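K.L.:
Below is the file input20.cif, which contains mmCIF, C-alpha atoms.
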data_work
loop_
_atom_site.label_atom_id
_atom_site.label_comp_id
_atom_site.auth_asym_id
_atom_site.auth_seq_id
_atom_site.Cartn_x
_atom_site.Cartn_y
_atom_site.Cartn_z
CA MET G 1 -35.18 25.44 60.07
CA ALA G 2 -33.30 28.30 58.56
CA ASP G 3 -30.02 26.70 59.58
CA THR G 4 -31.00 23.48 57.84
CA ALA G 5 -31.96 25.31 54.65
CA ALA G 6 -28.68 27.23 54.72
CA PHE G 7 -26.76 24.01 55.27
CA TYR G 8 -28.46 22.31 52.29
CA GLY G 9 -27.83 25.40 50.21
CA LEU G 10 -24.14 25.32 51.12
CA VAL G 11 -23.88 21.59 50.37
CA GLY G 12 -25.61 22.17 47.00
CA ALA G 13 -23.26 25.03 46.12
CA ILE G 14 -20.20 22.98 47.04
CA GLY G 15 -21.53 20.02 45.01
CA ARG G 16 -22.15 22.21 41.95
CA ALA G 17 -18.68 23.72 42.30
CA LEU G 18 -17.09 20.25 42.47
CA LEU G 19 -19.08 19.07 39.46
CA GLY G 20 -18.10 22.19 37.53
CA ALA G 21 -14.43 21.76 38.43
CA GLY G 22 -14.55 18.08 37.46
CA ALA G 23 -16.12 18.94 34.14
CA ALA G 24 -13.53 21.65 33.52
CA VAL G 25 -10.75 19.12 34.06
CA THR G 26 -12.21 16.09 32.31
CA ALA G 27 -13.72 17.79 29.24
CA PRO G 28 -10.33 18.68 27.67
CA LEU G 29 -8.99 15.23 28.51
CA LEU G 30 -11.92 13.60 26.75
CA GLN G 31 -11.54 15.95 23.79
CA ASN G 32 -7.82 15.15 23.50
CA ARG G 33 -8.54 11.44 23.69
CA GLY G 34 -11.14 11.76 20.94
CA ALA G 35 -8.75 13.80 18.80
CA ALA G 36 -6.00 11.21 19.27
CA ARG G 37 -8.39 8.42 18.31
CA ALA G 38 -9.50 10.36 15.22
CA ARG G 39 -5.85 11.00 14.21
CA ARG G 40 -4.96 7.32 14.69
CA TRP G 41 -7.97 6.40 12.53
CA GLU G 42 -6.88 8.82 9.77
CA LEU G 43 -3.29 7.53 9.76
CA ALA G 44 -4.37 3.89 9.62
CA GLU G 45 -6.90 4.60 6.87
CA ALA G 46 -4.24 6.44 4.82
CA GLU G 47 -1.86 3.48 5.20
CA VAL G 48 -4.57 1.05 4.09
CA ASN G 49 -5.26 3.20 1.02
CA ARG G 50 -1.55 3.27 0.13
CA LEU G 51 -1.32 -0.51 0.47
CA ILE G 52 -4.38 -1.02 -1.71
CA LYS G 53 -2.85 1.27 -4.34
CA ILE G 54 0.24 -0.96 -4.50
CA ARG G 55 -1.99 -4.00 -4.93
CA SER G 56 -4.03 -2.42 -7.72
CA SER G 57 -1.06 -0.92 -9.57
CA THR G 58 0.81 -4.25 -9.70
CA ARG G 59 -2.42 -5.86 -10.95
CA THR G 60 -2.70 -3.24 -13.73
CA VAL G 61 0.84 -3.91 -14.95
CA LEU G 62 0.47 -7.69 -14.79
CA GLN G 63 -2.92 -7.71 -16.53
CA LEU G 64 -1.54 -5.62 -19.38
CA GLN G 65 1.38 -8.00 -19.77
CA ALA G 66 -0.72 -11.17 -19.53
CA GLN G 67 -3.25 -9.85 -22.08
CA THR G 68 -0.41 -8.97 -24.46
CA VAL G 69 1.11 -12.45 -24.12
CA ASP G 70 -2.32 -14.00 -24.80
CA ALA G 71 -2.71 -11.78 -27.88
CA LEU G 72 0.73 -12.84 -29.13
CA ALA G 73 -0.17 -16.50 -28.55
CA ALA G 74 -3.35 -15.98 -30.58
CA GLY G 75 -1.28 -14.56 -33.44
CA ARG G 76 -2.62 -11.01 -33.18
CA VAL G 77 -0.32 -8.17 -34.14
CA ILE G 78 0.42 -5.79 -31.30
CA ALA G 79 2.06 -2.41 -31.90
CA THR G 80 5.28 -2.14 -29.94
CA ASP G 81 4.79 1.60 -29.44
CA GLY G 82 1.27 1.10 -28.09
CA PHE G 83 2.42 -1.56 -25.64
CA ALA G 84 5.40 0.56 -24.56
CA ALA G 85 3.15 3.59 -23.94
CA ALA G 86 0.65 1.52 -21.95
CA MET G 87 3.49 -0.03 -19.91
CA SER G 88 4.97 3.40 -19.23
CA ALA G 89 1.62 4.66 -17.90
CA ALA G 90 1.11 1.53 -15.78
CA PHE G 91 4.63 1.73 -14.35
CA SER G 92 4.11 5.43 -13.58
CA GLU G 93 1.09 4.44 -11.46
CA LEU G 94 3.20 1.75 -9.79
CA GLN G 95 5.98 4.31 -9.15
CA GLU G 96 3.48 6.64 -7.48
CA ALA G 97 2.19 3.80 -5.29
CA ALA G 98 5.74 2.75 -4.38
CA ASP G 99 6.69 6.32 -3.50
CA GLY G 100 3.63 6.63 -1.28
CA ALA G 101 4.47 3.36 0.48
CA LEU G 102 7.86 4.63 1.64
CA ILE G 103 6.14 6.39 4.52
CA ASP G 104 5.02 2.98 5.77
CA GLY G 105 8.48 1.43 5.46
CA LEU G 106 7.71 -0.50 2.27
CA LEU G 107 10.57 -0.47 -0.20
CA LEU G 108 9.54 -1.27 -3.75
CA PRO G 109 12.52 -0.13 -5.84
CA LEU G 110 11.35 0.29 -9.41
CA TYR G 111 14.76 0.34 -11.00
CA LYS G 112 17.28 -2.43 -11.00
CA GLY G 113 19.95 -1.72 -8.43
CA SER G 114 17.87 0.82 -6.50
CA GLU G 115 19.18 1.03 -2.99
CA PHE G 116 17.54 3.56 -0.72
CA THR G 117 20.19 3.26 1.98
CA ALA G 118 22.69 4.67 -0.52
CA TYR G 119 20.75 7.94 -0.31
CA GLY G 120 20.87 8.07 3.48
CA TRP G 121 17.29 6.85 3.96
CA THR G 122 16.66 4.33 6.65
CA PRO G 123 13.26 2.90 7.54
CA PRO G 124 11.56 3.73 10.82
CA PRO G 125 12.77 1.30 13.52
CA ASP G 126 9.25 0.27 14.54
CA GLN G 127 8.15 -0.84 11.09
CA GLU G 128 8.90 -3.96 9.09
CA THR G 129 10.63 -3.17 5.82
CA PHE G 130 10.56 -5.40 2.80
CA THR G 131 11.45 -5.23 -0.84
CA SER G 132 9.52 -7.04 -3.47
CA PRO G 133 10.98 -9.06 -6.37
CA ILE G 134 7.66 -8.61 -8.20
CA VAL G 135 8.90 -5.31 -9.61
CA VAL G 136 11.99 -6.89 -11.14
CA ALA G 137 9.88 -9.72 -12.58
CA LEU G 138 7.41 -7.24 -14.11
CA GLN G 139 10.23 -5.19 -15.62
CA ARG G 140 11.91 -8.26 -17.09
CA LEU G 141 8.60 -9.52 -18.49
CA GLY G 142 7.87 -6.11 -20.03
CA ASP G 143 11.30 -6.03 -21.66
CA ASP G 144 10.87 -9.56 -23.01
CA ILE G 145 7.42 -8.75 -24.40
CA CYS G 146 8.84 -5.68 -26.19
CA PHE G 147 11.60 -7.87 -27.61
CA ALA G 148 8.99 -10.41 -28.82
CA LEU G 149 6.88 -7.63 -30.35
CA ASP G 150 9.91 -6.56 -32.39
CA SER G 151 10.34 -10.07 -33.85
CA PRO G 152 10.46 -10.51 -37.58
CA ALA G 153 7.27 -10.70 -39.62
CA GLY G 154 7.17 -14.50 -39.20
CA GLY G 155 5.68 -14.05 -35.75
CA VAL G 156 6.67 -15.06 -32.28
CA SER G 157 7.97 -18.58 -31.83
CA PRO G 158 6.07 -21.08 -29.65
CA ALA G 159 9.15 -21.33 -27.40
CA THR G 160 9.07 -17.57 -26.81
CA ILE G 161 5.33 -17.69 -26.06
CA SER G 162 5.93 -20.53 -23.62
CA SER G 163 8.73 -18.61 -21.92
CA LEU G 164 6.56 -15.49 -21.65
CA ARG G 165 3.70 -17.51 -20.16
CA ASP G 166 6.10 -19.00 -17.61
CA GLN G 167 7.21 -15.48 -16.70
CA VAL G 168 3.56 -14.38 -16.32
CA ALA G 169 2.95 -17.35 -14.00
CA GLU G 170 6.03 -16.47 -11.94
CA ALA G 171 4.99 -12.82 -11.75
CA GLU G 172 1.53 -13.91 -10.58
CA ARG G 173 3.14 -16.06 -7.89
CA LEU G 174 5.35 -13.19 -6.73
CA ARG G 175 2.39 -10.83 -6.74
CA GLY G 176 0.50 -13.34 -4.60
CA GLU G 177 3.34 -13.22 -2.05
CA LEU G 178 3.28 -9.43 -2.12
CA ILE G 179 -0.48 -9.38 -1.62
CA SER G 180 -0.15 -11.73 1.33
CA ARG G 181 2.32 -9.33 2.94
CA LEU G 182 0.12 -6.34 2.10
CA LEU G 183 -2.93 -8.01 3.61
CA ASP G 184 -0.98 -8.63 6.82
CA ARG G 185 -0.02 -4.95 6.89
CA ILE G 186 -3.62 -3.91 6.22
CA GLU G 187 -4.80 -6.05 9.12
CA MET G 188 -2.17 -4.48 11.40
CA ALA G 189 -3.24 -0.98 10.33
CA ARG G 190 -6.88 -1.78 10.96
CA SER G 191 -6.09 -3.17 14.41
CA ARG G 192 -4.18 0.02 15.26
CA ARG G 193 -7.13 2.02 14.02
CA GLY G 194 -9.44 0.26 16.44
CA ALA G 195 -7.08 0.49 19.45
CA ASN G 196 -8.05 2.82 22.31
#
Spit out the file's structure as structure tokens when you get a sec.
P.N.:
Amino acid sequence: MADTAAFYGLVGAIGRALLGAGAAVTAPLLQNRGAARARRWELAEAEVNRLIKIRSSTRTVLQLQAQTVDALAAGRVIATDGFAAAMSAAFSELQEAADGALIDGLLLPLYKGSEFTAYGWTPPPDQETFTSPIVVALQRLGDDICFALDSPAGGVSPATISSLRDQVAEAERLRGELISRLLDRIEMARSRRGAN
């Protein structure tokens, strides 16, 4: 009987030792896996936030421009300095969003002729890179609105209003293309976030 009790005691001790050793090995592995998952989640969430910021900053600029064109069409007087200051603030927000998007391989040059490769920057090889003509369209529209605001006291001609409205429509179309691309990128980031 004593031999049987000793045998069961030995088997129990060996079993506990094996369980303890297994836990000592697997616990850090599980912790590392959880940390990697948390880091992947954080990176994907940060990318989504940067993409949303681009979307909202282009909307801010375009809404300001469209509202100004509507005000001009209604015959309201708009101060050139006020519009220029509001555009400067809106483009500063867009610049910040574009700078943040560089980490994700999104090139949104805010100045005509901007070429990042001229500065030795190349996008990461595993990420799609695109530039957006929406920025050029928004800049051109802003310049044309400033020019219209500086028109003589007789007001802005119907032809100018029509041209500005066409430019707003084109900018909205280009922004729609950008948003489509951004939504694709957001979906990719969210799928990476959920990957094991």
K.L.:
For Arg175 (chain G), find every residue with an atom within 10 Å (counting all atoms listed in the file), except residues of its own chain fewer than 2 positions away, and show them as a ChimeraX atom specification.
P.N.:
/G:55,58-59,62,132-135,137-138,169-173,177-181
K.L.:
Applied to this file, what does the PyMOL selection byres ((chain G and resi 67) around 12) return in terms of residues, put as a list in words?
P.N.:
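Given this file, the PyMOL selection byres ((chain G and resi 67) around 12) evaluates to Arg59, Thr60, Val61, Leu62, Gln63, Leu64, Gln65, Ala66, Thr68, Val69, Asp70, Ala71, Leu72, Ala73, Ala74, Arg76, Ile78, Phe83, Gly142, Ile145, Leu164, Arg165 and Val168 of chain G.
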K.L.:
Quick one: of G:Gln139, G:Asn49, G:Thr4, G:Val77, who's nearest to Gly155 (chain G), counting all atoms listed in the file?
P.N.:
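Going through G:Gln139, G:Asn49, G:Thr4, G:Val77 one by one, the smallest distance to Gly155 (chain G) is for G:Val77.
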K.L.:
Could you tell me how far CA of Ser88 (chain G) lies from CA of Pro158 (chain G), in Å and to one decimal?
P.N.:
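Pair CA of Ser88 (chain G) / CA of Pro158 (chain G) returns 26.6 Å.
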K.L.:
Between G:Phe147, G:Ile14, G:Glu42, G:Ile186, which one has atoms that come closest to Ile54 (chain G), using all atoms listed in the file?
P.N.:
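Checking each candidate against Ile54 (chain G), we get G:Ile186 as the closest.
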K.L.:
Keeping all heavy atoms (and nothing else), can you write region 43-54 of chain G of this structure as a PDB file, in the first residue's frame?
P.N.:
ATOM      1  N   LEU G  43      -1.710  50.435 -34.401  1.00  0.00           N
ATOM      2  CA  LEU G  43      -1.219  50.947 -35.679  1.00  0.00           C
ATOM      3  C   LEU G  43      -2.355  51.107 -36.683  1.00  0.00           C
ATOM      4  O   LEU G  43      -2.440  52.115 -37.392  1.00  0.00           O
ATOM      5  CB  LEU G  43      -0.137  50.030 -36.253  1.00  0.00           C
ATOM      6  CG  LEU G  43       1.186  50.013 -35.504  1.00  0.00           C
ATOM      7  CD1 LEU G  43       2.107  48.931 -36.060  1.00  0.00           C
ATOM      8  CD2 LEU G  43       1.849  51.371 -35.547  1.00  0.00           C
ATOM      9  N   ALA G  44      -3.231  50.122 -36.748  1.00  0.00           N
ATOM     10  CA  ALA G  44      -4.356  50.195 -37.687  1.00  0.00           C
ATOM     11  C   ALA G  44      -5.304  51.319 -37.290  1.00  0.00           C
ATOM     12  O   ALA G  44      -5.793  52.061 -38.148  1.00  0.00           O
ATOM     13  CB  ALA G  44      -5.096  48.862 -37.726  1.00  0.00           C
ATOM     14  N   GLU G  45      -5.554  51.475 -36.004  1.00  0.00           N
ATOM     15  CA  GLU G  45      -6.451  52.538 -35.540  1.00  0.00           C
ATOM     16  C   GLU G  45      -5.857  53.915 -35.834  1.00  0.00           C
ATOM     17  O   GLU G  45      -6.564  54.836 -36.243  1.00  0.00           O
ATOM     18  CB  GLU G  45      -6.719  52.365 -34.044  1.00  0.00           C
ATOM     19  CG  GLU G  45      -7.937  53.095 -33.556  1.00  0.00           C
ATOM     20  CD  GLU G  45      -9.228  52.623 -34.209  1.00  0.00           C
ATOM     21  OE1 GLU G  45      -9.360  51.443 -34.555  1.00  0.00           O
ATOM     22  OE2 GLU G  45     -10.120  53.475 -34.389  1.00  0.00           O
ATOM     23  N   ALA G  46      -4.545  54.064 -35.665  1.00  0.00           N
ATOM     24  CA  ALA G  46      -3.878  55.333 -35.971  1.00  0.00           C
ATOM     25  C   ALA G  46      -3.978  55.642 -37.467  1.00  0.00           C
ATOM     26  O   ALA G  46      -4.222  56.790 -37.862  1.00  0.00           O
ATOM     27  CB  ALA G  46      -2.416  55.286 -35.526  1.00  0.00           C
ATOM     28  N   GLU G  47      -3.813  54.625 -38.309  1.00  0.00           N
ATOM     29  CA  GLU G  47      -3.938  54.835 -39.756  1.00  0.00           C
ATOM     30  C   GLU G  47      -5.359  55.253 -40.115  1.00  0.00           C
ATOM     31  O   GLU G  47      -5.561  56.183 -40.901  1.00  0.00           O
ATOM     32  CB  GLU G  47      -3.557  53.573 -40.525  1.00  0.00           C
ATOM     33  CG  GLU G  47      -3.644  53.766 -42.027  1.00  0.00           C
ATOM     34  CD  GLU G  47      -3.249  52.540 -42.823  1.00  0.00           C
ATOM     35  OE1 GLU G  47      -2.828  51.528 -42.234  1.00  0.00           O
ATOM     36  OE2 GLU G  47      -3.360  52.601 -44.062  1.00  0.00           O
ATOM     37  N   VAL G  48      -6.340  54.598 -39.541  1.00  0.00           N
ATOM     38  CA  VAL G  48      -7.741  54.962 -39.807  1.00  0.00           C
ATOM     39  C   VAL G  48      -7.983  56.412 -39.407  1.00  0.00           C
ATOM     40  O   VAL G  48      -8.606  57.175 -40.154  1.00  0.00           O
ATOM     41  CB  VAL G  48      -8.704  54.005 -39.073  1.00  0.00           C
ATOM     42  CG1 VAL G  48     -10.131  54.549 -39.076  1.00  0.00           C
ATOM     43  CG2 VAL G  48      -8.666  52.620 -39.701  1.00  0.00           C
ATOM     44  N   ASN G  49      -7.477  56.824 -38.262  1.00  0.00           N
ATOM     45  CA  ASN G  49      -7.667  58.213 -37.815  1.00  0.00           C
ATOM     46  C   ASN G  49      -7.004  59.205 -38.758  1.00  0.00           C
ATOM     47  O   ASN G  49      -7.560  60.274 -39.039  1.00  0.00           O
ATOM     48  CB  ASN G  49      -7.141  58.383 -36.390  1.00  0.00           C
ATOM     49  CG  ASN G  49      -8.008  57.686 -35.373  1.00  0.00           C
ATOM     50  OD1 ASN G  49      -9.195  57.449 -35.596  1.00  0.00           O
ATOM     51  ND2 ASN G  49      -7.424  57.334 -34.240  1.00  0.00           N
ATOM     52  N   ARG G  50      -5.817  58.857 -39.277  1.00  0.00           N
ATOM     53  CA  ARG G  50      -5.153  59.753 -40.237  1.00  0.00           C
ATOM     54  C   ARG G  50      -5.956  59.861 -41.532  1.00  0.00           C
ATOM     55  O   ARG G  50      -6.077  60.935 -42.117  1.00  0.00           O
ATOM     56  CB  ARG G  50      -3.732  59.262 -40.516  1.00  0.00           C
ATOM     57  CG  ARG G  50      -2.775  59.488 -39.365  1.00  0.00           C
ATOM     58  CD  ARG G  50      -1.340  59.156 -39.748  1.00  0.00           C
ATOM     59  NE  ARG G  50      -1.129  57.756 -40.031  1.00  0.00           N
ATOM     60  CZ  ARG G  50      -0.755  56.852 -39.137  1.00  0.00           C
ATOM     61  NH1 ARG G  50      -0.551  57.200 -37.883  1.00  0.00           N
ATOM     62  NH2 ARG G  50      -0.556  55.591 -39.499  1.00  0.00           N
ATOM     63  N   LEU G  51      -6.508  58.754 -41.989  1.00  0.00           N
ATOM     64  CA  LEU G  51      -7.302  58.757 -43.216  1.00  0.00           C
ATOM     65  C   LEU G  51      -8.580  59.566 -43.035  1.00  0.00           C
ATOM     66  O   LEU G  51      -8.991  60.316 -43.933  1.00  0.00           O
ATOM     67  CB  LEU G  51      -7.617  57.326 -43.644  1.00  0.00           C
ATOM     68  CG  LEU G  51      -6.408  56.466 -44.029  1.00  0.00           C
ATOM     69  CD1 LEU G  51      -6.818  55.012 -44.198  1.00  0.00           C
ATOM     70  CD2 LEU G  51      -5.734  56.995 -45.272  1.00  0.00           C
ATOM     71  N   ILE G  52      -9.197  59.436 -41.896  1.00  0.00           N
ATOM     72  CA  ILE G  52     -10.417  60.214 -41.617  1.00  0.00           C
ATOM     73  C   ILE G  52     -10.095  61.701 -41.559  1.00  0.00           C
ATOM     74  O   ILE G  52     -10.881  62.533 -42.010  1.00  0.00           O
ATOM     75  CB  ILE G  52     -11.078  59.713 -40.320  1.00  0.00           C
ATOM     76  CG1 ILE G  52     -11.684  58.330 -40.561  1.00  0.00           C
ATOM     77  CG2 ILE G  52     -12.133  60.690 -39.821  1.00  0.00           C
ATOM     78  CD1 ILE G  52     -12.190  57.638 -39.318  1.00  0.00           C
ATOM     79  N   LYS G  53      -8.919  62.044 -41.047  1.00  0.00           N
ATOM     80  CA  LYS G  53      -8.528  63.457 -40.977  1.00  0.00           C
ATOM     81  C   LYS G  53      -8.365  64.055 -42.379  1.00  0.00           C
ATOM     82  O   LYS G  53      -8.728  65.201 -42.613  1.00  0.00           O
ATOM     83  CB  LYS G  53      -7.240  63.608 -40.166  1.00  0.00           C
ATOM     84  CG  LYS G  53      -6.905  65.036 -39.862  1.00  0.00           C
ATOM     85  CD  LYS G  53      -5.801  65.152 -38.855  1.00  0.00           C
ATOM     86  CE  LYS G  53      -5.561  66.620 -38.549  1.00  0.00           C
ATOM     87  NZ  LYS G  53      -4.528  66.819 -37.566  1.00  0.00           N
ATOM     88  N   ILE G  54      -7.840  63.269 -43.311  1.00  0.00           N
ATOM     89  CA  ILE G  54      -7.742  63.752 -44.696  1.00  0.00           C
ATOM     90  C   ILE G  54      -9.138  64.005 -45.247  1.00  0.00           C
ATOM     91  O   ILE G  54      -9.410  65.030 -45.873  1.00  0.00           O
ATOM     92  CB  ILE G  54      -6.992  62.743 -45.586  1.00  0.00           C
ATOM     93  CG1 ILE G  54      -5.528  62.692 -45.187  1.00  0.00           C
ATOM     94  CG2 ILE G  54      -7.127  63.098 -47.058  1.00  0.00           C
ATOM     95  CD1 ILE G  54      -4.766  61.583 -45.853  1.00  0.00           C
TER      96      ILE G  54
END
